[in-house]
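I have placed the structure first, in the form of structure tokens, so that the comments after it can refer back to it.
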Amino acid sequence: MQRANRSAVSEFILIGFSAFPHLQLMFFLLFLLMYLFTLLGNLLIMATIWGERSLHTPMYLFLCALSISEILYTLAIIPRMLADLLSTHHSIAFVACGNQMFFSFTFGFTHSFLLTIMGYDRYVAICHPLRYNVLMSPRACACLVAWSWAGGSVMGLVVTMAIFHLTFCGPNEVHHFACHVPPLLKLACGEDVPVVAKGVGLVCITALLGCFLLILLSYAFIVAAILRISSAEGRHKAFSTCASHLTVVIVHYGFASVIYLKPKGPQSLEGDTLMGITYTVLTPFLSPIIFSLRNKELKVTMKKTLLSKLYPEKI
């Protein structure tokens, strides 16, 4: 009876940027430029891969899927965030908040699973080159990508259902710029909140650490195989095919660890907002830059494609 008499929350107020009232216009312009660059960078990578037959390989198929997941992840959060930066009303409907959480977690974990598969791809290419075409056949690659998307969807569904089955009965001000788990848990009431908080945290950390450990295992075998190569040129060539992926992994899991493994304790609104920005805006912004600059084959092909579009008479 007591639970039934509690007032239901129909909307939430996102107050993440209220700590920076005089910087909101500057934030809007900065994040808009970064978001547009993220979209254009990933679209350019996808267009280059699909337009160049020499890039129709498993590694670039996974990179294309990674770009799609990154575009969808930012689409779930950043447009709403940009609108709030220009608006005085920061309310978001209960259902819309649940949808945002589902899609952001779905595409975020899909991104992690795809990075893990890309690590496995590099492991097979360097450690088992003679079996590469068999182990990474088109059918196998399609299955790996499909399982990544399925796994991300399951993670998004589990987390969202766990959070939004809780009762929200009091204040509705979310101390974040998006519908993120920790600030929503602070607004929930009931005896099952601590259990749900621990369960969701355990699921998310287990999934992220599992992916990270599999990537570390892949690179342990890769490093061992590279060290057995006699020539310095051969070692450099083998490692160069992994450089962009390894850099993105470090950036991705570095910022993710800041979000999920930060110590418990009182957190300021400014600190929570800035930490959220690193993973939501900065990481997707850096990813296409890293892949474009660190992957020589992709960089050369992108340059060739751009020159052919700008100066078709010279090609």
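Every chain in the structure tokens takes a letter, A first, then B, and so on in the order presented; its residues are numbered from 1, and the ligands are numbered from 1 following the presented order.
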
Counting only C-alpha atoms, what is within 9 Å of region 293-305 of chain A, bar same-chain residues fewer than 2 positions away, as a PDB file with N, CA, C and O atoms, in the first residue's frame?
ATOM      1  N   LEU A  44      32.844   9.238 -43.798  1.00  0.00           N
ATOM      2  CA  LEU A  44      33.932   9.194 -44.778  1.00  0.00           C
ATOM      3  C   LEU A  44      34.646   7.851 -44.732  1.00  0.00           C
ATOM      4  O   LEU A  44      34.984   7.280 -45.781  1.00  0.00           O
ATOM      5  N   ILE A  45      34.879   7.327 -43.531  1.00  0.00           N
ATOM      6  CA  ILE A  45      35.495   6.007 -43.400  1.00  0.00           C
ATOM      7  C   ILE A  45      34.621   4.943 -44.057  1.00  0.00           C
ATOM      8  O   ILE A  45      35.104   4.091 -44.821  1.00  0.00           O
ATOM      9  N   THR A  48      34.633   5.331 -47.887  1.00  0.00           N
ATOM     10  CA  THR A  48      35.922   4.901 -48.442  1.00  0.00           C
ATOM     11  C   THR A  48      36.013   3.388 -48.504  1.00  0.00           C
ATOM     12  O   THR A  48      36.457   2.813 -49.511  1.00  0.00           O
ATOM     13  N   ILE A  49      35.586   2.722 -47.438  1.00  0.00           N
ATOM     14  CA  ILE A  49      35.660   1.257 -47.390  1.00  0.00           C
ATOM     15  C   ILE A  49      34.742   0.626 -48.426  1.00  0.00           C
ATOM     16  O   ILE A  49      35.136  -0.291 -49.153  1.00  0.00           O
ATOM     17  N   GLY A  51      33.617   1.993 -51.132  1.00  0.00           N
ATOM     18  CA  GLY A  51      33.943   2.387 -52.502  1.00  0.00           C
ATOM     19  C   GLY A  51      35.238   1.802 -53.031  1.00  0.00           C
ATOM     20  O   GLY A  51      35.493   1.872 -54.244  1.00  0.00           O
ATOM     21  N   GLU A  52      36.069   1.243 -52.172  1.00  0.00           N
ATOM     22  CA  GLU A  52      37.369   0.703 -52.581  1.00  0.00           C
ATOM     23  C   GLU A  52      37.387  -0.809 -52.376  1.00  0.00           C
ATOM     24  O   GLU A  52      37.339  -1.302 -51.262  1.00  0.00           O
ATOM     25  N   LEU A  55      39.687  -2.715 -49.950  1.00  0.00           N
ATOM     26  CA  LEU A  55      39.408  -2.636 -48.516  1.00  0.00           C
ATOM     27  C   LEU A  55      38.272  -3.556 -48.088  1.00  0.00           C
ATOM     28  O   LEU A  55      37.843  -3.511 -46.932  1.00  0.00           O
ATOM     29  N   TYR A  60      38.376  -4.274 -42.309  1.00  0.00           N
ATOM     30  CA  TYR A  60      37.666  -3.053 -42.661  1.00  0.00           C
ATOM     31  C   TYR A  60      36.155  -3.227 -42.580  1.00  0.00           C
ATOM     32  O   TYR A  60      35.424  -2.243 -42.370  1.00  0.00           O
ATOM     33  N   SER A 240      52.211  -2.480 -37.276  1.00  0.00           N
ATOM     34  CA  SER A 240      51.517  -1.311 -37.827  1.00  0.00           C
ATOM     35  C   SER A 240      50.061  -1.618 -38.162  1.00  0.00           C
ATOM     36  O   SER A 240      49.217  -0.717 -38.155  1.00  0.00           O
ATOM     37  N   THR A 241      49.758  -2.894 -38.451  1.00  0.00           N
ATOM     38  CA  THR A 241      48.367  -3.252 -38.751  1.00  0.00           C
ATOM     39  C   THR A 241      47.494  -3.234 -37.489  1.00  0.00           C
ATOM     40  O   THR A 241      46.272  -3.232 -37.593  1.00  0.00           O
ATOM     41  N   CYS A 242      48.132  -3.218 -36.310  1.00  0.00           N
ATOM     42  CA  CYS A 242      47.394  -3.228 -35.036  1.00  0.00           C
ATOM     43  C   CYS A 242      47.387  -1.865 -34.353  1.00  0.00           C
ATOM     44  O   CYS A 242      46.642  -1.681 -33.377  1.00  0.00           O
ATOM     45  N   ALA A 243      48.203  -0.920 -34.827  1.00  0.00           N
ATOM     46  CA  ALA A 243      48.431   0.325 -34.089  1.00  0.00           C
ATOM     47  C   ALA A 243      47.150   1.118 -33.876  1.00  0.00           C
ATOM     48  O   ALA A 243      46.876   1.582 -32.762  1.00  0.00           O
ATOM     49  N   SER A 244      46.346   1.292 -34.942  1.00  0.00           N
ATOM     50  CA  SER A 244      45.139   2.106 -34.814  1.00  0.00           C
ATOM     51  C   SER A 244      44.137   1.455 -33.868  1.00  0.00           C
ATOM     52  O   SER A 244      43.538   2.127 -33.022  1.00  0.00           O
ATOM     53  N   HIS A 245      43.956   0.131 -33.999  1.00  0.00           N
ATOM     54  CA  HIS A 245      43.019  -0.570 -33.120  1.00  0.00           C
ATOM     55  C   HIS A 245      43.469  -0.488 -31.667  1.00  0.00           C
ATOM     56  O   HIS A 245      42.661  -0.214 -30.761  1.00  0.00           O
ATOM     57  N   THR A 247      45.321   1.752 -30.223  1.00  0.00           N
ATOM     58  CA  THR A 247      45.171   3.118 -29.719  1.00  0.00           C
ATOM     59  C   THR A 247      43.725   3.404 -29.339  1.00  0.00           C
ATOM     60  O   THR A 247      43.447   3.985 -28.282  1.00  0.00           O
ATOM     61  N   PRO A 288      37.546   8.270 -35.192  1.00  0.00           N
ATOM     62  CA  PRO A 288      37.834   8.351 -36.635  1.00  0.00           C
ATOM     63  C   PRO A 288      39.162   9.018 -36.947  1.00  0.00           C
ATOM     64  O   PRO A 288      39.805   8.687 -37.950  1.00  0.00           O
ATOM     65  N   ILE A 289      39.599   9.944 -36.079  1.00  0.00           N
ATOM     66  CA  ILE A 289      40.904  10.573 -36.282  1.00  0.00           C
ATOM     67  C   ILE A 289      42.014   9.539 -36.165  1.00  0.00           C
ATOM     68  O   ILE A 289      42.925   9.469 -37.000  1.00  0.00           O
ATOM     69  N   ILE A 290      41.934   8.711 -35.129  1.00  0.00           N
ATOM     70  CA  ILE A 290      42.961   7.692 -34.899  1.00  0.00           C
ATOM     71  C   ILE A 290      43.004   6.697 -36.045  1.00  0.00           C
ATOM     72  O   ILE A 290      44.079   6.374 -36.577  1.00  0.00           O
ATOM     73  N   PHE A 291      41.838   6.187 -36.458  1.00  0.00           N
ATOM     74  CA  PHE A 291      41.811   5.202 -37.541  1.00  0.00           C
ATOM     75  C   PHE A 291      42.278   5.806 -38.864  1.00  0.00           C
ATOM     76  O   PHE A 291      42.897   5.119 -39.688  1.00  0.00           O
ATOM     77  N   LEU A 307      40.908  13.418 -53.410  1.00  0.00           N
ATOM     78  CA  LEU A 307      41.524  14.091 -54.559  1.00  0.00           C
ATOM     79  C   LEU A 307      40.761  13.818 -55.845  1.00  0.00           C
ATOM     80  O   LEU A 307      40.614  14.700 -56.698  1.00  0.00           O
ATOM     81  N   SER A 308      40.245  12.597 -55.981  1.00  0.00           N
ATOM     82  CA  SER A 308      39.478  12.258 -57.196  1.00  0.00           C
ATOM     83  C   SER A 308      38.169  13.023 -57.264  1.00  0.00           C
ATOM     84  O   SER A 308      37.671  13.321 -58.355  1.00  0.00           O
ATOM     85  N   LYS A 309      37.604  13.354 -56.091  1.00  0.00           N
ATOM     86  CA  LYS A 309      36.360  14.120 -56.060  1.00  0.00           C
ATOM     87  C   LYS A 309      36.611  15.607 -56.287  1.00  0.00           C
ATOM     88  O   LYS A 309      35.839  16.290 -56.967  1.00  0.00           O
ATOM     89  N   LEU A 310      37.724  16.111 -55.721  1.00  0.00           N
ATOM     90  CA  LEU A 310      38.025  17.534 -55.840  1.00  0.00           C
ATOM     91  C   LEU A 310      38.627  17.899 -57.193  1.00  0.00           C
ATOM     92  O   LEU A 310      38.340  18.953 -57.759  1.00  0.00           O
TER      93      LEU A 310
END

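What separates CA of Phe107 (chain A) from CA of His90 (chain A) is a distance of 23.8 Å.
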
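Around region 30-33 of chain A, within 8 Å and counting only C-alpha atoms, the residues found are A:Met26, A:Phe27, A:Leu36, A:Phe37, A:Leu82, A:Val281, once anything fewer than 3 positions away on its own chain is removed.
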
Include all heavy atoms and write out the residues we just selected as a PDB file, in the first residue's frame.
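The new file part.pdb reads:
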ATOM      1  N   MET A  26      29.197  28.441 -25.404  1.00  0.00           N
ATOM      2  CA  MET A  26      30.505  27.977 -25.851  1.00  0.00           C
ATOM      3  C   MET A  26      30.523  26.447 -25.960  1.00  0.00           C
ATOM      4  O   MET A  26      31.047  25.889 -26.925  1.00  0.00           O
ATOM      5  CB  MET A  26      31.594  28.438 -24.882  1.00  0.00           C
ATOM      6  CG  MET A  26      33.011  28.117 -25.354  1.00  0.00           C
ATOM      7  SD  MET A  26      34.246  28.400 -24.076  1.00  0.00           S
ATOM      8  CE  MET A  26      33.953  26.996 -23.004  1.00  0.00           C
ATOM      9  N   PHE A  27      29.935  25.768 -24.949  1.00  0.00           N
ATOM     10  CA  PHE A  27      29.835  24.311 -24.991  1.00  0.00           C
ATOM     11  C   PHE A  27      29.031  23.856 -26.210  1.00  0.00           C
ATOM     12  O   PHE A  27      29.390  22.880 -26.867  1.00  0.00           O
ATOM     13  CB  PHE A  27      29.183  23.788 -23.715  1.00  0.00           C
ATOM     14  CG  PHE A  27      30.114  23.689 -22.545  1.00  0.00           C
ATOM     15  CD1 PHE A  27      29.637  23.756 -21.243  1.00  0.00           C
ATOM     16  CD2 PHE A  27      31.486  23.528 -22.722  1.00  0.00           C
ATOM     17  CE1 PHE A  27      30.489  23.659 -20.158  1.00  0.00           C
ATOM     18  CE2 PHE A  27      32.357  23.435 -21.649  1.00  0.00           C
ATOM     19  CZ  PHE A  27      31.851  23.510 -20.370  1.00  0.00           C
ATOM     20  N   LEU A  36      29.654  17.088 -35.449  1.00  0.00           N
ATOM     21  CA  LEU A  36      29.648  17.090 -36.914  1.00  0.00           C
ATOM     22  C   LEU A  36      30.908  16.428 -37.462  1.00  0.00           C
ATOM     23  O   LEU A  36      30.852  15.682 -38.444  1.00  0.00           O
ATOM     24  CB  LEU A  36      29.526  18.523 -37.443  1.00  0.00           C
ATOM     25  CG  LEU A  36      28.188  19.228 -37.189  1.00  0.00           C
ATOM     26  CD1 LEU A  36      28.250  20.677 -37.672  1.00  0.00           C
ATOM     27  CD2 LEU A  36      27.050  18.483 -37.889  1.00  0.00           C
ATOM     28  N   PHE A  37      32.041  16.692 -36.812  1.00  0.00           N
ATOM     29  CA  PHE A  37      33.292  16.061 -37.237  1.00  0.00           C
ATOM     30  C   PHE A  37      33.223  14.554 -37.037  1.00  0.00           C
ATOM     31  O   PHE A  37      33.703  13.785 -37.884  1.00  0.00           O
ATOM     32  CB  PHE A  37      34.469  16.639 -36.452  1.00  0.00           C
ATOM     33  CG  PHE A  37      35.808  16.165 -36.933  1.00  0.00           C
ATOM     34  CD1 PHE A  37      36.501  16.868 -37.897  1.00  0.00           C
ATOM     35  CD2 PHE A  37      36.376  14.993 -36.436  1.00  0.00           C
ATOM     36  CE1 PHE A  37      37.733  16.427 -38.355  1.00  0.00           C
ATOM     37  CE2 PHE A  37      37.603  14.540 -36.884  1.00  0.00           C
ATOM     38  CZ  PHE A  37      38.285  15.262 -37.847  1.00  0.00           C
ATOM     39  N   LEU A  82      22.680  18.854 -27.118  1.00  0.00           N
ATOM     40  CA  LEU A  82      22.844  20.148 -27.779  1.00  0.00           C
ATOM     41  C   LEU A  82      21.582  21.001 -27.665  1.00  0.00           C
ATOM     42  O   LEU A  82      21.652  22.215 -27.445  1.00  0.00           O
ATOM     43  CB  LEU A  82      23.196  19.925 -29.261  1.00  0.00           C
ATOM     44  CG  LEU A  82      24.569  19.316 -29.540  1.00  0.00           C
ATOM     45  CD1 LEU A  82      24.723  18.999 -31.019  1.00  0.00           C
ATOM     46  CD2 LEU A  82      25.688  20.240 -29.077  1.00  0.00           C
ATOM     47  N   VAL A 281      31.388  12.449 -25.803  1.00  0.00           N
ATOM     48  CA  VAL A 281      31.739  13.340 -26.911  1.00  0.00           C
ATOM     49  C   VAL A 281      33.183  13.135 -27.378  1.00  0.00           C
ATOM     50  O   VAL A 281      33.442  13.014 -28.581  1.00  0.00           O
ATOM     51  CB  VAL A 281      31.521  14.816 -26.515  1.00  0.00           C
ATOM     52  CG1 VAL A 281      31.871  15.740 -27.683  1.00  0.00           C
ATOM     53  CG2 VAL A 281      30.088  15.051 -26.067  1.00  0.00           C
TER      54      VAL A 281
END

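Residues in contact with Val258 (chain A) at up to 9 Å, not including ones fewer than 4 positions away on its chain and judged by only C-alpha atoms, are Tyr253, Gly254, Lys262, Met275 and Tyr279 of chain A.
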
### Message
So that I can see what lies close to region 11-18 of chain A, please list as a ChimeraX atom specification the residues with an atom at most 8 Å from it, counting only C-alpha atoms and leaving out residues fewer than 6 positions away in the same chain.
### Response
/A:24,85,90-94,97,172-179,269-270,273

Would you write out those residues with N, CA and C atoms, as a CSV table (one decimal), in the first residue's frame?
chain,number,residue,atom,x,y,z
A,24,GLN,N,27.4,27.8,-21.5
A,24,GLN,CA,26.6,26.9,-22.3
A,24,GLN,C,26.6,27.1,-23.8
A,85,LEU,N,21.3,22.5,-24.3
A,85,LEU,CA,22.3,23.6,-24.0
A,85,LEU,C,21.7,25.0,-24.5
A,90,HIS,N,14.7,21.7,-19.6
A,90,HIS,CA,15.6,20.5,-19.7
A,90,HIS,C,14.8,19.2,-19.4
A,91,SER,N,13.5,19.3,-19.5
A,91,SER,CA,12.8,18.1,-19.1
A,91,SER,C,12.8,17.0,-20.2
A,92,ILE,N,12.7,15.8,-19.8
A,92,ILE,CA,12.7,14.6,-20.7
A,92,ILE,C,11.6,13.6,-20.2
A,93,ALA,N,10.7,13.2,-21.0
A,93,ALA,CA,9.7,12.3,-20.6
A,93,ALA,C,10.3,11.0,-20.1
A,94,PHE,N,9.5,10.3,-19.2
A,94,PHE,CA,9.9,9.1,-18.6
A,94,PHE,C,10.3,8.1,-19.7
A,97,CYS,N,13.4,9.0,-21.6
A,97,CYS,CA,14.6,8.7,-20.8
A,97,CYS,C,15.0,7.2,-20.9
A,172,ASN,N,12.9,14.7,-9.2
A,172,ASN,CA,13.1,14.2,-10.6
A,172,ASN,C,14.3,14.9,-11.3
A,173,GLU,N,15.2,15.6,-10.5
A,173,GLU,CA,16.3,16.3,-11.1
A,173,GLU,C,17.5,15.3,-11.3
A,174,VAL,N,17.8,15.0,-12.5
A,174,VAL,CA,18.9,14.1,-12.8
A,174,VAL,C,20.2,14.9,-12.9
A,175,HIS,N,21.2,14.6,-12.1
A,175,HIS,CA,22.5,15.3,-12.1
A,175,HIS,C,23.4,14.8,-13.2
A,176,HIS,N,22.9,15.0,-14.4
A,176,HIS,CA,23.7,14.6,-15.6
A,176,HIS,C,23.0,15.2,-16.8
A,177,PHE,N,23.7,15.2,-17.9
A,177,PHE,CA,23.1,15.7,-19.2
A,177,PHE,C,22.4,14.7,-20.0
A,178,ALA,N,22.4,13.4,-19.5
A,178,ALA,CA,21.7,12.3,-20.2
A,178,ALA,C,21.1,11.4,-19.1
A,179,CYS,N,20.3,10.4,-19.5
A,179,CYS,CA,19.7,9.5,-18.6
A,179,CYS,C,20.7,8.4,-18.3
A,269,LEU,N,28.6,18.1,-9.3
A,269,LEU,CA,27.9,18.1,-10.5
A,269,LEU,C,28.9,18.4,-11.7
A,270,GLU,N,29.8,19.4,-11.4
A,270,GLU,CA,30.7,19.7,-12.5
A,270,GLU,C,31.6,18.5,-12.8
A,273,THR,N,29.7,15.8,-14.8
A,273,THR,CA,29.4,16.3,-16.2
A,273,THR,C,30.6,16.2,-17.0

Item to complete: From a DSSP calculation on the backbone, collect every residue of region 26-260 of chain A in alpha helix (DSSP H) and output the set as a ChimeraX atom specification.
Response: /A:26-51,58-86,94-127,132-135,138-164,181-187,193-227,232-260

**Item:** Ala207 (chain A) environment, 9 Å, only C-alpha atoms, sequence neighbours closer than 3 positions dropped, as a PyMOL selection string
**Value:** chain A and resi 109+112-113+155+202-204+210-212

Keeping all heavy atoms for every residue in the selection just given, could you write it to a file as a PDB file, in the first residue's frame?
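Output contents, as saved in again.pdb:
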ATOM      1  N   PHE A 109      27.843  -0.824 -25.794  1.00  0.00           N
ATOM      2  CA  PHE A 109      28.391  -2.169 -25.596  1.00  0.00           C
ATOM      3  C   PHE A 109      28.641  -2.866 -26.935  1.00  0.00           C
ATOM      4  O   PHE A 109      29.576  -3.681 -27.031  1.00  0.00           O
ATOM      5  CB  PHE A 109      27.462  -3.005 -24.716  1.00  0.00           C
ATOM      6  CG  PHE A 109      27.685  -2.789 -23.251  1.00  0.00           C
ATOM      7  CD1 PHE A 109      26.854  -1.953 -22.524  1.00  0.00           C
ATOM      8  CD2 PHE A 109      28.760  -3.383 -22.609  1.00  0.00           C
ATOM      9  CE1 PHE A 109      27.069  -1.733 -21.176  1.00  0.00           C
ATOM     10  CE2 PHE A 109      28.990  -3.169 -21.263  1.00  0.00           C
ATOM     11  CZ  PHE A 109      28.148  -2.341 -20.536  1.00  0.00           C
ATOM     12  N   SER A 112      32.052  -1.954 -27.787  1.00  0.00           N
ATOM     13  CA  SER A 112      33.047  -2.732 -27.032  1.00  0.00           C
ATOM     14  C   SER A 112      33.208  -4.135 -27.607  1.00  0.00           C
ATOM     15  O   SER A 112      34.328  -4.644 -27.727  1.00  0.00           O
ATOM     16  CB  SER A 112      32.633  -2.821 -25.562  1.00  0.00           C
ATOM     17  OG  SER A 112      32.654  -1.551 -24.950  1.00  0.00           O
ATOM     18  N   PHE A 113      32.090  -4.772 -27.953  1.00  0.00           N
ATOM     19  CA  PHE A 113      32.151  -6.121 -28.525  1.00  0.00           C
ATOM     20  C   PHE A 113      32.850  -6.116 -29.885  1.00  0.00           C
ATOM     21  O   PHE A 113      33.616  -7.038 -30.200  1.00  0.00           O
ATOM     22  CB  PHE A 113      30.746  -6.702 -28.652  1.00  0.00           C
ATOM     23  CG  PHE A 113      30.036  -6.891 -27.329  1.00  0.00           C
ATOM     24  CD1 PHE A 113      28.666  -6.784 -27.235  1.00  0.00           C
ATOM     25  CD2 PHE A 113      30.755  -7.162 -26.180  1.00  0.00           C
ATOM     26  CE1 PHE A 113      28.013  -6.951 -26.008  1.00  0.00           C
ATOM     27  CE2 PHE A 113      30.129  -7.325 -24.953  1.00  0.00           C
ATOM     28  CZ  PHE A 113      28.751  -7.217 -24.875  1.00  0.00           C
ATOM     29  N   MET A 155      22.478  -6.277 -23.536  1.00  0.00           N
ATOM     30  CA  MET A 155      22.996  -5.449 -22.452  1.00  0.00           C
ATOM     31  C   MET A 155      22.118  -4.206 -22.250  1.00  0.00           C
ATOM     32  O   MET A 155      21.776  -3.846 -21.113  1.00  0.00           O
ATOM     33  CB  MET A 155      24.430  -5.019 -22.746  1.00  0.00           C
ATOM     34  CG  MET A 155      25.451  -6.131 -22.648  1.00  0.00           C
ATOM     35  SD  MET A 155      25.616  -6.813 -20.986  1.00  0.00           S
ATOM     36  CE  MET A 155      26.169  -5.383 -20.085  1.00  0.00           C
ATOM     37  N   LEU A 202      27.655  -4.775 -11.579  1.00  0.00           N
ATOM     38  CA  LEU A 202      28.386  -6.028 -11.796  1.00  0.00           C
ATOM     39  C   LEU A 202      28.288  -6.482 -13.249  1.00  0.00           C
ATOM     40  O   LEU A 202      29.293  -6.906 -13.851  1.00  0.00           O
ATOM     41  CB  LEU A 202      27.835  -7.108 -10.863  1.00  0.00           C
ATOM     42  CG  LEU A 202      28.543  -8.464 -10.904  1.00  0.00           C
ATOM     43  CD1 LEU A 202      29.996  -8.314 -10.453  1.00  0.00           C
ATOM     44  CD2 LEU A 202      27.815  -9.480 -10.025  1.00  0.00           C
ATOM     45  N   VAL A 203      27.100  -6.379 -13.843  1.00  0.00           N
ATOM     46  CA  VAL A 203      26.904  -6.787 -15.239  1.00  0.00           C
ATOM     47  C   VAL A 203      27.746  -5.926 -16.182  1.00  0.00           C
ATOM     48  O   VAL A 203      28.445  -6.440 -17.071  1.00  0.00           O
ATOM     49  CB  VAL A 203      25.413  -6.709 -15.617  1.00  0.00           C
ATOM     50  CG1 VAL A 203      25.229  -6.843 -17.129  1.00  0.00           C
ATOM     51  CG2 VAL A 203      24.625  -7.803 -14.909  1.00  0.00           C
ATOM     52  N   CYS A 204      27.695  -4.608 -15.979  1.00  0.00           N
ATOM     53  CA  CYS A 204      28.431  -3.697 -16.863  1.00  0.00           C
ATOM     54  C   CYS A 204      29.943  -3.875 -16.732  1.00  0.00           C
ATOM     55  O   CYS A 204      30.657  -3.969 -17.742  1.00  0.00           O
ATOM     56  CB  CYS A 204      28.052  -2.250 -16.554  1.00  0.00           C
ATOM     57  SG  CYS A 204      26.361  -1.812 -16.987  1.00  0.00           S
ATOM     58  N   GLY A 210      35.544  -8.280 -19.320  1.00  0.00           N
ATOM     59  CA  GLY A 210      35.655  -9.484 -20.144  1.00  0.00           C
ATOM     60  C   GLY A 210      36.182  -9.161 -21.529  1.00  0.00           C
ATOM     61  O   GLY A 210      37.099  -9.831 -22.035  1.00  0.00           O
ATOM     62  N   CYS A 211      35.610  -8.114 -22.141  1.00  0.00           N
ATOM     63  CA  CYS A 211      36.084  -7.686 -23.467  1.00  0.00           C
ATOM     64  C   CYS A 211      37.539  -7.236 -23.404  1.00  0.00           C
ATOM     65  O   CYS A 211      38.355  -7.598 -24.266  1.00  0.00           O
ATOM     66  CB  CYS A 211      35.205  -6.545 -23.997  1.00  0.00           C
ATOM     67  SG  CYS A 211      33.530  -7.018 -24.421  1.00  0.00           S
ATOM     68  N   PHE A 212      37.864  -6.460 -22.375  1.00  0.00           N
ATOM     69  CA  PHE A 212      39.222  -5.937 -22.258  1.00  0.00           C
ATOM     70  C   PHE A 212      40.239  -7.064 -22.059  1.00  0.00           C
ATOM     71  O   PHE A 212      41.319  -7.043 -22.666  1.00  0.00           O
ATOM     72  CB  PHE A 212      39.285  -4.955 -21.084  1.00  0.00           C
ATOM     73  CG  PHE A 212      40.615  -4.275 -20.935  1.00  0.00           C
ATOM     74  CD1 PHE A 212      41.103  -3.448 -21.939  1.00  0.00           C
ATOM     75  CD2 PHE A 212      41.385  -4.452 -19.796  1.00  0.00           C
ATOM     76  CE1 PHE A 212      42.337  -2.814 -21.814  1.00  0.00           C
ATOM     77  CE2 PHE A 212      42.606  -3.831 -19.657  1.00  0.00           C
ATOM     78  CZ  PHE A 212      43.087  -3.007 -20.662  1.00  0.00           C
TER      79      PHE A 212
END

Separating CA of Leu135 (chain A) from CA of Pro58 (chain A), to the nearest tenth of an Å, is a gap of 10.5 Å

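Using only C-alpha atoms, the nearest neighbour of Arg235 (chain A) within the list A:Ala146, A:Ala162, A:Val223, A:His89 is A:Val223.
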
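Among the candidates A:Ala76, A:Leu157, A:Val200, A:Ile163, the one nearest to Leu187 (chain A) when counting only C-alpha atoms is A:Ile163.
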
Using only C-alpha atoms, the residue out of A:Arg122, A:Ile215, A:Tyr73, A:Ser230 with shortest distance to Gly152 (chain A) is A:Tyr73

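You will find CA of Cys127 (chain A) at 9.5 Å from CA of Ser218 (chain A).
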